[in-house]
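Working notes, structure below.
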Amino acid sequence: MTSRALACVLAIAFGSVSAATAQGYPSKPITLVNPFAAGGPVDAVARIMSAPMSKILGQPVLVDYTVGAAGTLGVGRVARAAPDGYTLSIGHWSTHVINAAIYPLPYDVLKDLEPVGMICANPLLIVARASFPARDLGELIAWLKANPDKASVGTAGVGSASHMGGLYFQGATRTKVQYIPYKGTGPAMQDLLAGRLDFMVDQASNSLPQVRAGKIKAYAVTAKTRLTAAPDIPTVDEAGLPDLYVSVWFGIWAPKGTPHDVVAKVNAAMVSALADPAVRQRFADLGQEITPPDRQSPEALAAFHKAEAGKWWPIVKAAGIKPE
Ligand code: MLT
């Protein structure tokens, strides 16, 4: 029996252990594990949430990094952590759904994690370095067709949101590109800004600040409607790639076996942070849509997470995407 299994058996046998844990919780700092490099989309969400959640919980919520293999190392760290509410996982559609259909993971995303709550969702933007010759999506596609395998596309690794977006784009346009993996799209963005990458199919929250600053070009947003935060960027339908919709949703999870009332306390802090007007404004500026209140509960995330796995696993497995 592993030490974690033994701890669980003892907690069940002496119900007081779990009750006591929840009662004084939190009595020390909480670690929120970002499975990607600093400066990217998960980091932005984690950092917006950490300050108000720290205030509400009365203990610091510290963002920590365990990066690599498209986020699987960071999620694995939390799946193996003590189920006491002091190590939490923040991630999204690709880290908590897609990766499980690509990588032989030493954890089960549905069985080894306790859903805490869904935070927000953002679409992807098709963006290019400022000096890229194409002026719109049609010109980008024409350039890629004339230059097969020449364009470099930054991703956060095989199976990441940016890689899945790139694969969709490639499939829909029947083009061939070269993927350059990074430990997150934060560092990939630095190379796009420096002109060392040609383009990215990147989360809106990561690209929008650079688009607004005129440092990169945006060709289209992978949504049915334009972003309120960036009304000038056409939708994929308007730009000529109908139906290429991708939405990357974010959530927080705890290790399986975390006491129910500890999960409830973290969820309550998350829900109340999401109601804060300053927090709402920061998400809106990044093109992140906050999850409606009736879908912010642990139960809603559990049901949605399961449904997303049921929807995506067959598609991703059939596509035969191989780990790096
Ligand atoms: C990140 O935070 O770097 C990402 O969410 C990357 C991605 O999945 O494309």
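Ligands are numbered from 1 in the order shown, chains are lettered A, B, ... in the order of the structure tokens, and residues start at 1 in each chain.
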
Report as CSV the residues of segment 127-226 of chain A within 8 Å of segment 40-62 of chain A, each with its shortest atom pair and distance in Å (one decimal), using only C-alpha atoms, ordered by chain and increasing residue number.
```
residue,atom,partner,partner_atom,distance
A:Gly184,CA,A:Gly40,CA,6.2
A:Thr185,CA,A:Gly40,CA,5.3
A:Gly186,CA,A:Gly40,CA,3.8
A:Pro187,CA,A:Gly40,CA,7.5
A:Gln203,CA,A:Pro41,CA,6.8
A:Ser205,CA,A:Pro41,CA,6.0
A:Asn206,CA,A:Pro41,CA,5.3
```

**Message:** Excluding segment 260-265 of chain A and its own-chain neighbours fewer than 6 positions away, which residues fall within 12 Å of it when counting only C-alpha atoms? Please give them as a PyMOL selection string.
**Reply:** chain A and resi 18-27+30+53-54+56-58+83-88+113-117+252-254+271-272+296-299

Go ahead and write the residues just picked, N, CA, C and O atoms, as a CSV table (one decimal), in the first residue's frame.
```csv
chain,number,residue,atom,x,y,z
A,18,SER,N,-10.3,13.9,8.3
A,18,SER,CA,-10.7,14.8,7.2
A,18,SER,C,-11.5,16.0,7.7
A,18,SER,O,-11.3,17.1,7.3
A,19,ALA,N,-12.3,15.8,8.8
A,19,ALA,CA,-13.1,16.9,9.3
A,19,ALA,C,-12.1,18.0,9.9
A,19,ALA,O,-12.3,19.1,9.6
A,20,ALA,N,-11.1,17.5,10.6
A,20,ALA,CA,-10.2,18.4,11.2
A,20,ALA,C,-9.4,19.2,10.1
A,20,ALA,O,-9.2,20.4,10.2
A,21,THR,N,-9.0,18.5,9.0
A,21,THR,CA,-8.3,19.2,7.9
A,21,THR,C,-9.2,20.3,7.4
A,21,THR,O,-8.7,21.4,7.2
A,22,ALA,N,-10.5,20.0,7.2
A,22,ALA,CA,-11.3,21.0,6.6
A,22,ALA,C,-11.6,22.2,7.5
A,22,ALA,O,-11.7,23.3,7.1
A,23,GLN,N,-11.7,21.8,8.8
A,23,GLN,CA,-12.0,22.9,9.8
A,23,GLN,C,-11.0,24.0,9.8
A,23,GLN,O,-11.4,25.2,9.8
A,24,GLY,N,-9.8,23.7,9.9
A,24,GLY,CA,-8.7,24.7,10.0
A,24,GLY,C,-8.2,25.2,8.7
A,24,GLY,O,-7.3,26.0,8.6
A,25,TYR,N,-8.8,24.7,7.6
A,25,TYR,CA,-8.3,25.0,6.3
A,25,TYR,C,-8.7,26.4,5.8
A,25,TYR,O,-9.8,26.8,6.0
A,26,PRO,N,-7.8,27.1,5.2
A,26,PRO,CA,-6.4,26.8,5.0
A,26,PRO,C,-5.5,27.4,6.2
A,26,PRO,O,-5.8,28.5,6.6
A,27,SER,N,-4.5,26.7,6.6
A,27,SER,CA,-3.7,27.2,7.7
A,27,SER,C,-2.3,27.5,7.2
A,27,SER,O,-1.4,27.9,8.0
A,30,ILE,N,-1.2,28.0,-0.1
A,30,ILE,CA,-1.8,27.0,-1.1
A,30,ILE,C,-1.0,27.1,-2.4
A,30,ILE,O,-0.7,28.3,-2.8
A,53,MET,N,-8.2,35.3,-4.4
A,53,MET,CA,-8.5,34.1,-3.7
A,53,MET,C,-7.6,34.1,-2.4
A,53,MET,O,-8.1,33.6,-1.4
A,54,SER,N,-6.4,34.6,-2.5
A,54,SER,CA,-5.6,34.7,-1.2
A,54,SER,C,-6.3,35.5,-0.2
A,54,SER,O,-6.4,35.1,1.0
A,56,ILE,N,-9.5,36.1,0.1
A,56,ILE,CA,-10.8,35.5,0.6
A,56,ILE,C,-10.4,34.3,1.5
A,56,ILE,O,-11.0,34.1,2.6
A,57,LEU,N,-9.4,33.5,1.2
A,57,LEU,CA,-9.0,32.4,2.0
A,57,LEU,C,-8.2,32.7,3.2
A,57,LEU,O,-8.0,31.9,4.1
A,58,GLY,N,-7.6,33.9,3.2
A,58,GLY,CA,-6.7,34.3,4.3
A,58,GLY,C,-5.4,33.6,4.3
A,58,GLY,O,-4.7,33.7,5.4
A,83,PRO,N,-4.0,14.8,-0.7
A,83,PRO,CA,-5.3,15.4,-0.9
A,83,PRO,C,-5.8,16.2,0.2
A,83,PRO,O,-6.8,15.9,0.9
A,84,ASP,N,-5.1,17.3,0.5
A,84,ASP,CA,-5.4,18.2,1.6
A,84,ASP,C,-5.7,19.6,1.2
A,84,ASP,O,-5.9,20.5,2.1
A,85,GLY,N,-5.8,19.9,-0.1
A,85,GLY,CA,-6.2,21.2,-0.5
A,85,GLY,C,-5.1,22.2,-0.6
A,85,GLY,O,-5.3,23.4,-0.9
A,86,TYR,N,-3.8,21.8,-0.3
A,86,TYR,CA,-2.7,22.7,-0.4
A,86,TYR,C,-1.9,22.6,-1.7
A,86,TYR,O,-1.0,23.4,-1.9
A,87,THR,N,-2.3,21.7,-2.6
A,87,THR,CA,-1.7,21.7,-3.9
A,87,THR,C,-2.8,21.5,-4.9
A,87,THR,O,-3.5,20.5,-4.9
A,88,LEU,N,-3.0,22.5,-5.7
A,88,LEU,CA,-4.1,22.6,-6.7
A,88,LEU,C,-3.6,22.7,-8.1
A,88,LEU,O,-2.5,23.2,-8.3
A,113,LEU,N,-8.4,13.3,-10.0
A,113,LEU,CA,-8.5,14.7,-9.7
A,113,LEU,C,-9.9,15.0,-9.2
A,113,LEU,O,-10.9,14.3,-9.7
A,114,GLU,N,-10.0,15.9,-8.3
A,114,GLU,CA,-11.3,16.4,-7.8
A,114,GLU,C,-11.7,17.7,-8.4
A,114,GLU,O,-10.9,18.7,-8.1
A,115,PRO,N,-12.7,17.8,-9.2
A,115,PRO,CA,-13.0,19.1,-9.8
A,115,PRO,C,-13.4,20.2,-8.7
A,115,PRO,O,-14.1,19.9,-7.8
A,116,VAL,N,-12.8,21.4,-8.9
A,116,VAL,CA,-13.1,22.5,-8.0
A,116,VAL,C,-14.1,23.5,-8.6
A,116,VAL,O,-15.1,23.8,-8.1
A,117,GLY,N,-13.8,23.9,-9.9
A,117,GLY,CA,-14.7,24.8,-10.6
A,117,GLY,C,-14.1,25.3,-11.9
A,117,GLY,O,-12.9,25.3,-12.1
A,252,ILE,N,-10.0,24.6,-12.2
A,252,ILE,CA,-9.1,24.3,-11.0
A,252,ILE,C,-9.5,22.9,-10.5
A,252,ILE,O,-10.7,22.6,-10.4
A,253,TRP,N,-8.5,22.1,-10.2
A,253,TRP,CA,-8.8,20.7,-9.7
A,253,TRP,C,-7.9,20.5,-8.4
A,253,TRP,O,-6.8,21.2,-8.3
A,254,ALA,N,-8.3,19.6,-7.6
A,254,ALA,CA,-7.6,19.2,-6.4
A,254,ALA,C,-7.3,17.7,-6.5
A,254,ALA,O,-7.9,17.0,-7.4
A,271,VAL,N,-15.5,31.4,-6.8
A,271,VAL,CA,-16.7,32.0,-7.2
A,271,VAL,C,-16.8,33.5,-6.8
A,271,VAL,O,-17.1,34.3,-7.6
A,272,SER,N,-16.3,33.7,-5.6
A,272,SER,CA,-16.4,35.1,-5.1
A,272,SER,C,-15.3,36.0,-5.8
A,272,SER,O,-15.6,37.1,-6.2
A,296,GLN,N,-20.3,27.2,-12.3
A,296,GLN,CA,-19.0,27.4,-11.6
A,296,GLN,C,-18.8,26.4,-10.4
A,296,GLN,O,-17.8,26.4,-9.7
A,297,SER,N,-19.8,25.5,-10.2
A,297,SER,CA,-19.7,24.5,-9.1
A,297,SER,C,-18.8,23.3,-9.4
A,297,SER,O,-18.6,23.0,-10.6
A,298,PRO,N,-18.3,22.6,-8.4
A,298,PRO,CA,-17.5,21.4,-8.7
A,298,PRO,C,-18.3,20.4,-9.5
A,298,PRO,O,-17.7,19.7,-10.4
A,299,GLU,N,-19.6,20.3,-9.2
A,299,GLU,CA,-20.4,19.3,-9.9
A,299,GLU,C,-20.5,19.6,-11.4
A,299,GLU,O,-20.5,18.8,-12.2
```

**Message:** Set the distance at 6 Å and use only C-alpha atoms: which residues neighbour segment 130-136 of chain A once local chain neighbours fewer than 3 positions away are removed? I'd like the list as a list in words.
**Reply:** Glu139, Leu140, Lys215, Ile216, Lys217 and Tyr219 of chain A

Do you have, as a tab-separated table, the list of residues of chain A lying at most 10 Å from ligand 1, each with its nearest atom pair and that distance in Å to one decimal, counting only C-alpha atoms and all ligand atoms and ordered by chain then number?
```
residue	atom	partner	partner_atom_place_in_ligand_line	distance
A:Asn34	CA	ligand 1	2 (O)	7.7
A:Pro35	CA	ligand 1	2 (O)	7.5
A:Phe36	CA	ligand 1	3 (O)	4.9
A:Ala37	CA	ligand 1	3 (O)	5.9
A:Ala38	CA	ligand 1	3 (O)	7.5
A:Gly39	CA	ligand 1	3 (O)	7.4
A:Gly40	CA	ligand 1	2 (O)	4.1
A:Pro41	CA	ligand 1	2 (O)	4.0
A:Val42	CA	ligand 1	2 (O)	3.8
A:Asp43	CA	ligand 1	2 (O)	5.8
A:Ala44	CA	ligand 1	2 (O)	7.8
A:Val45	CA	ligand 1	2 (O)	8.8
A:Ala46	CA	ligand 1	2 (O)	9.6
A:Val67	CA	ligand 1	3 (O)	9.4
A:Ala70	CA	ligand 1	8 (O)	7.1
A:Gly71	CA	ligand 1	8 (O)	7.9
A:Ile90	CA	ligand 1	2 (O)	9.9
A:Gly91	CA	ligand 1	5 (O)	7.4
A:His92	CA	ligand 1	5 (O)	7.1
A:Trp93	CA	ligand 1	8 (O)	8.2
A:Ser94	CA	ligand 1	8 (O)	6.2
A:Thr95	CA	ligand 1	8 (O)	7.2
A:Leu124	CA	ligand 1	9 (O)	9.3
A:Gly154	CA	ligand 1	9 (O)	8.9
A:Thr155	CA	ligand 1	9 (O)	5.8
A:Ala156	CA	ligand 1	9 (O)	4.8
A:Gly157	CA	ligand 1	9 (O)	7.5
A:Val158	CA	ligand 1	8 (O)	9.2
A:Gly159	CA	ligand 1	8 (O)	7.7
A:Ser160	CA	ligand 1	8 (O)	4.0
A:Ala161	CA	ligand 1	8 (O)	3.8
A:Ser162	CA	ligand 1	9 (O)	3.7
A:His163	CA	ligand 1	9 (O)	6.4
A:Met164	CA	ligand 1	9 (O)	8.1
A:Gly165	CA	ligand 1	9 (O)	8.3
A:Gly166	CA	ligand 1	9 (O)	9.7
A:Pro181	CA	ligand 1	9 (O)	9.7
A:Tyr182	CA	ligand 1	3 (O)	8.3
A:Lys183	CA	ligand 1	3 (O)	6.8
A:Gly184	CA	ligand 1	3 (O)	3.2
A:Thr185	CA	ligand 1	3 (O)	4.0
A:Gly186	CA	ligand 1	3 (O)	5.5
A:Pro187	CA	ligand 1	3 (O)	7.9
A:Ala188	CA	ligand 1	3 (O)	8.3
A:Met189	CA	ligand 1	3 (O)	9.4
A:Met200	CA	ligand 1	9 (O)	9.4
A:Val201	CA	ligand 1	9 (O)	8.3
A:Asp202	CA	ligand 1	9 (O)	6.3
A:Gln203	CA	ligand 1	9 (O)	6.8
A:Ser205	CA	ligand 1	5 (O)	9.4
A:Asn206	CA	ligand 1	2 (O)	8.2
A:Val248	CA	ligand 1	8 (O)	8.4
A:Trp249	CA	ligand 1	5 (O)	9.9
A:Phe250	CA	ligand 1	5 (O)	9.2
```

8 Å contact set for Val316 of chain A, only C-alpha atoms, chain neighbours under 4 positions out, as a tab-separated table (two decimals) with C-alpha atoms, in the first residue's frame:
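Saved as selection12.tsv:
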```
chain	number	residue	atom	x	y	z
A	98	ILE	CA	-6.73	16.31	-24.83
A	101	ALA	CA	-5.84	10.88	-25.50
A	102	ILE	CA	-2.24	11.43	-26.64
A	312	TRP	CA	-12.69	14.69	-27.68
A	320	GLY	CA	-3.35	9.44	-34.27
A	321	ILE	CA	-1.48	12.40	-32.73
```

Contacts of segment 68-124 of chain A with segment 275-285 of chain A up to 10 Å, shortest pair per row, only C-alpha atoms, as a Markdown table:
```
| residue | atom | partner | partner_atom | distance |
| --- | --- | --- | --- | --- |
| A:Cys120 | CA | A:Phe283 | CA | 8.2 |
| A:Ala121 | CA | A:Phe283 | CA | 9.6 |
| A:Asn122 | CA | A:Phe283 | CA | 9.6 |
```

In segment 116-228 of chain A, DSSP alpha helix (DSSP H) residues written as a PDB file with N, CA and C atoms, in the first residue's frame:
```pdb
ATOM      1  N   LEU A 137      -6.325  36.636 -43.792  1.00  0.00           N
ATOM      2  CA  LEU A 137      -6.287  35.179 -43.692  1.00  0.00           C
ATOM      3  C   LEU A 137      -6.148  34.524 -45.077  1.00  0.00           C
ATOM      4  N   GLY A 138      -6.832  35.087 -46.069  1.00  0.00           N
ATOM      5  CA  GLY A 138      -6.754  34.543 -47.426  1.00  0.00           C
ATOM      6  C   GLY A 138      -5.313  34.584 -47.929  1.00  0.00           C
ATOM      7  N   GLU A 139      -4.634  35.683 -47.681  1.00  0.00           N
ATOM      8  CA  GLU A 139      -3.235  35.810 -48.127  1.00  0.00           C
ATOM      9  C   GLU A 139      -2.318  34.870 -47.334  1.00  0.00           C
ATOM     10  N   LEU A 140      -2.637  34.669 -46.055  1.00  0.00           N
ATOM     11  CA  LEU A 140      -1.826  33.737 -45.257  1.00  0.00           C
ATOM     12  C   LEU A 140      -1.937  32.334 -45.858  1.00  0.00           C
ATOM     13  N   ILE A 141      -3.164  31.919 -46.156  1.00  0.00           N
ATOM     14  CA  ILE A 141      -3.376  30.569 -46.696  1.00  0.00           C
ATOM     15  C   ILE A 141      -2.692  30.439 -48.061  1.00  0.00           C
ATOM     16  N   ALA A 142      -2.814  31.470 -48.878  1.00  0.00           N
ATOM     17  CA  ALA A 142      -2.177  31.435 -50.212  1.00  0.00           C
ATOM     18  C   ALA A 142      -0.657  31.330 -50.058  1.00  0.00           C
ATOM     19  N   TRP A 143      -0.104  32.068 -49.093  1.00  0.00           N
ATOM     20  CA  TRP A 143       1.352  32.034 -48.865  1.00  0.00           C
ATOM     21  C   TRP A 143       1.778  30.629 -48.432  1.00  0.00           C
ATOM     22  N   LEU A 144       0.995  30.036 -47.529  1.00  0.00           N
ATOM     23  CA  LEU A 144       1.348  28.702 -47.020  1.00  0.00           C
ATOM     24  C   LEU A 144       1.258  27.657 -48.128  1.00  0.00           C
ATOM     25  N   LYS A 145       0.303  27.832 -49.033  1.00  0.00           N
ATOM     26  CA  LYS A 145       0.162  26.861 -50.139  1.00  0.00           C
ATOM     27  C   LYS A 145       1.339  27.012 -51.103  1.00  0.00           C
ATOM     28  N   ALA A 146       1.815  28.240 -51.266  1.00  0.00           N
ATOM     29  CA  ALA A 146       2.945  28.475 -52.180  1.00  0.00           C
ATOM     30  C   ALA A 146       4.275  28.090 -51.535  1.00  0.00           C
ATOM     31  N   ALA A 161      -3.161  23.542 -26.500  1.00  0.00           N
ATOM     32  CA  ALA A 161      -4.232  24.252 -27.210  1.00  0.00           C
ATOM     33  C   ALA A 161      -3.697  24.858 -28.502  1.00  0.00           C
ATOM     34  N   SER A 162      -2.504  25.441 -28.436  1.00  0.00           N
ATOM     35  CA  SER A 162      -1.918  26.076 -29.626  1.00  0.00           C
ATOM     36  C   SER A 162      -1.582  25.030 -30.693  1.00  0.00           C
ATOM     37  N   HIS A 163      -1.171  23.847 -30.276  1.00  0.00           N
ATOM     38  CA  HIS A 163      -0.867  22.788 -31.252  1.00  0.00           C
ATOM     39  C   HIS A 163      -2.156  22.245 -31.872  1.00  0.00           C
ATOM     40  N   MET A 164      -3.172  22.022 -31.037  1.00  0.00           N
ATOM     41  CA  MET A 164      -4.450  21.528 -31.566  1.00  0.00           C
ATOM     42  C   MET A 164      -5.036  22.551 -32.536  1.00  0.00           C
ATOM     43  N   GLY A 165      -4.934  23.841 -32.176  1.00  0.00           N
ATOM     44  CA  GLY A 165      -5.409  24.902 -33.063  1.00  0.00           C
ATOM     45  C   GLY A 165      -4.665  24.878 -34.387  1.00  0.00           C
ATOM     46  N   GLY A 166      -3.347  24.679 -34.307  1.00  0.00           N
ATOM     47  CA  GLY A 166      -2.524  24.606 -35.518  1.00  0.00           C
ATOM     48  C   GLY A 166      -2.932  23.427 -36.389  1.00  0.00           C
ATOM     49  N   LEU A 167      -3.185  22.280 -35.752  1.00  0.00           N
ATOM     50  CA  LEU A 167      -3.585  21.086 -36.515  1.00  0.00           C
ATOM     51  C   LEU A 167      -4.936  21.297 -37.207  1.00  0.00           C
ATOM     52  N   TYR A 168      -5.858  21.928 -36.485  1.00  0.00           N
ATOM     53  CA  TYR A 168      -7.162  22.223 -37.096  1.00  0.00           C
ATOM     54  C   TYR A 168      -7.006  23.126 -38.304  1.00  0.00           C
ATOM     55  N   PHE A 169      -6.209  24.174 -38.100  1.00  0.00           N
ATOM     56  CA  PHE A 169      -5.987  25.151 -39.163  1.00  0.00           C
ATOM     57  C   PHE A 169      -5.365  24.452 -40.375  1.00  0.00           C
ATOM     58  N   GLN A 170      -4.350  23.629 -40.101  1.00  0.00           N
ATOM     59  CA  GLN A 170      -3.652  22.912 -41.170  1.00  0.00           C
ATOM     60  C   GLN A 170      -4.618  21.987 -41.925  1.00  0.00           C
ATOM     61  N   GLY A 171      -5.458  21.272 -41.165  1.00  0.00           N
ATOM     62  CA  GLY A 171      -6.419  20.362 -41.782  1.00  0.00           C
ATOM     63  C   GLY A 171      -7.426  21.112 -42.638  1.00  0.00           C
ATOM     64  N   ALA A 172      -7.918  22.228 -42.094  1.00  0.00           N
ATOM     65  CA  ALA A 172      -8.953  22.987 -42.811  1.00  0.00           C
ATOM     66  C   ALA A 172      -8.404  23.672 -44.054  1.00  0.00           C
ATOM     67  N   THR A 173      -7.133  24.033 -44.025  1.00  0.00           N
ATOM     68  CA  THR A 173      -6.553  24.783 -45.168  1.00  0.00           C
ATOM     69  C   THR A 173      -5.750  23.876 -46.096  1.00  0.00           C
ATOM     70  N   THR A 185       3.032  29.043 -24.356  1.00  0.00           N
ATOM     71  CA  THR A 185       2.984  30.052 -25.422  1.00  0.00           C
ATOM     72  C   THR A 185       3.456  31.428 -24.937  1.00  0.00           C
ATOM     73  N   GLY A 186       3.768  31.540 -23.627  1.00  0.00           N
ATOM     74  CA  GLY A 186       4.422  32.767 -23.143  1.00  0.00           C
ATOM     75  C   GLY A 186       5.767  32.928 -23.854  1.00  0.00           C
ATOM     76  N   PRO A 187       6.678  31.943 -23.715  1.00  0.00           N
ATOM     77  CA  PRO A 187       7.964  32.055 -24.424  1.00  0.00           C
ATOM     78  C   PRO A 187       7.817  32.016 -25.953  1.00  0.00           C
ATOM     79  N   ALA A 188       6.820  31.280 -26.462  1.00  0.00           N
ATOM     80  CA  ALA A 188       6.631  31.246 -27.931  1.00  0.00           C
ATOM     81  C   ALA A 188       6.292  32.653 -28.428  1.00  0.00           C
ATOM     82  N   MET A 189       5.468  33.368 -27.653  1.00  0.00           N
ATOM     83  CA  MET A 189       5.096  34.733 -28.039  1.00  0.00           C
ATOM     84  C   MET A 189       6.328  35.635 -28.137  1.00  0.00           C
ATOM     85  N   GLN A 190       7.298  35.435 -27.244  1.00  0.00           N
ATOM     86  CA  GLN A 190       8.517  36.251 -27.293  1.00  0.00           C
ATOM     87  C   GLN A 190       9.229  36.055 -28.630  1.00  0.00           C
ATOM     88  N   ASP A 191       9.226  34.819 -29.133  1.00  0.00           N
ATOM     89  CA  ASP A 191       9.874  34.559 -30.417  1.00  0.00           C
ATOM     90  C   ASP A 191       9.047  35.084 -31.590  1.00  0.00           C
ATOM     91  N   LEU A 192       7.724  35.098 -31.444  1.00  0.00           N
ATOM     92  CA  LEU A 192       6.878  35.674 -32.504  1.00  0.00           C
ATOM     93  C   LEU A 192       7.139  37.186 -32.566  1.00  0.00           C
ATOM     94  N   LEU A 193       7.232  37.802 -31.407  1.00  0.00           N
ATOM     95  CA  LEU A 193       7.483  39.251 -31.341  1.00  0.00           C
ATOM     96  C   LEU A 193       8.847  39.588 -31.944  1.00  0.00           C
ATOM     97  N   ALA A 204      -6.539  33.824 -27.336  1.00  0.00           N
ATOM     98  CA  ALA A 204      -6.768  35.266 -27.433  1.00  0.00           C
ATOM     99  C   ALA A 204      -6.103  36.009 -26.280  1.00  0.00           C
ATOM    100  N   SER A 205      -6.201  35.433 -25.075  1.00  0.00           N
ATOM    101  CA  SER A 205      -5.677  36.130 -23.891  1.00  0.00           C
ATOM    102  C   SER A 205      -4.174  36.369 -23.976  1.00  0.00           C
ATOM    103  N   ASN A 206      -3.467  35.505 -24.694  1.00  0.00           N
ATOM    104  CA  ASN A 206      -2.014  35.651 -24.825  1.00  0.00           C
ATOM    105  C   ASN A 206      -1.650  36.643 -25.929  1.00  0.00           C
ATOM    106  N   SER A 207      -2.446  36.633 -26.996  1.00  0.00           N
ATOM    107  CA  SER A 207      -2.108  37.444 -28.169  1.00  0.00           C
ATOM    108  C   SER A 207      -2.664  38.859 -28.141  1.00  0.00           C
ATOM    109  N   LEU A 208      -3.844  39.018 -27.537  1.00  0.00           N
ATOM    110  CA  LEU A 208      -4.525  40.323 -27.619  1.00  0.00           C
ATOM    111  C   LEU A 208      -3.672  41.521 -27.189  1.00  0.00           C
ATOM    112  N   PRO A 209      -2.956  41.437 -26.049  1.00  0.00           N
ATOM    113  CA  PRO A 209      -2.163  42.604 -25.656  1.00  0.00           C
ATOM    114  C   PRO A 209      -1.145  42.995 -26.733  1.00  0.00           C
ATOM    115  N   GLN A 210      -0.581  42.001 -27.415  1.00  0.00           N
ATOM    116  CA  GLN A 210       0.423  42.282 -28.455  1.00  0.00           C
ATOM    117  C   GLN A 210      -0.231  42.787 -29.737  1.00  0.00           C
ATOM    118  N   VAL A 211      -1.443  42.291 -30.035  1.00  0.00           N
ATOM    119  CA  VAL A 211      -2.183  42.769 -31.212  1.00  0.00           C
ATOM    120  C   VAL A 211      -2.519  44.243 -30.996  1.00  0.00           C
ATOM    121  N   ARG A 212      -3.017  44.543 -29.790  1.00  0.00           N
ATOM    122  CA  ARG A 212      -3.401  45.927 -29.466  1.00  0.00           C
ATOM    123  C   ARG A 212      -2.205  46.867 -29.550  1.00  0.00           C
TER     124      ARG A 212
END
```

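All residues of protein, DNA or RNA that reach within 9 Å of Tyr103 of chain A, judged by only C-alpha atoms and not counting those fewer than 3 positions away in the chain, are Ala69, Thr72, Ile98, Asn99, Ala100, Gly159, Lys322 and Pro323 of chain A.
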
**Prompt:** Between A:Val78, A:Ile180, A:Ala218, A:Gly195, which one has atoms that come closest to Thr258 of chain A, using only C-alpha atoms?
**Reply:**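 Closest to Thr258 of chain A, using only C-alpha atoms: A:Val78.
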
**Message:** So the first atom is atom CA of Pro255 of chain A and the second is atom CA of Leu110 of chain A; what is the distance between them in Å, to one decimal place?
**Reply:** 10.7 Å

**Asked** So which residues of segment 200-280 of chain A fall under strand (DSSP E) by DSSP, listed as an MDAnalysis selection string?
**Response** chainID A and resid 200:203 216:221 247:255

**Request:** One decimal, Å: what's the distance from atom CA of Thr222 of chain A over to atom CA of Tyr245 of chain A, could you say?
**Result:** 4.5 Å

**Message:** Quick one: residues within 7 Å of Asp64 of chain A, only C-alpha atoms, excluding same-chain residues fewer than 4 positions away - as a ChimeraX atom specification?
**Reply:** /A:31-34

**Item:** Atomic separation - atom CA of Ser89 of chain A relative to atom CA of Val109 of chain A, Å
**Value:**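 Atom CA of Val109 of chain A sits 11.1 Å away from atom CA of Ser89 of chain A.
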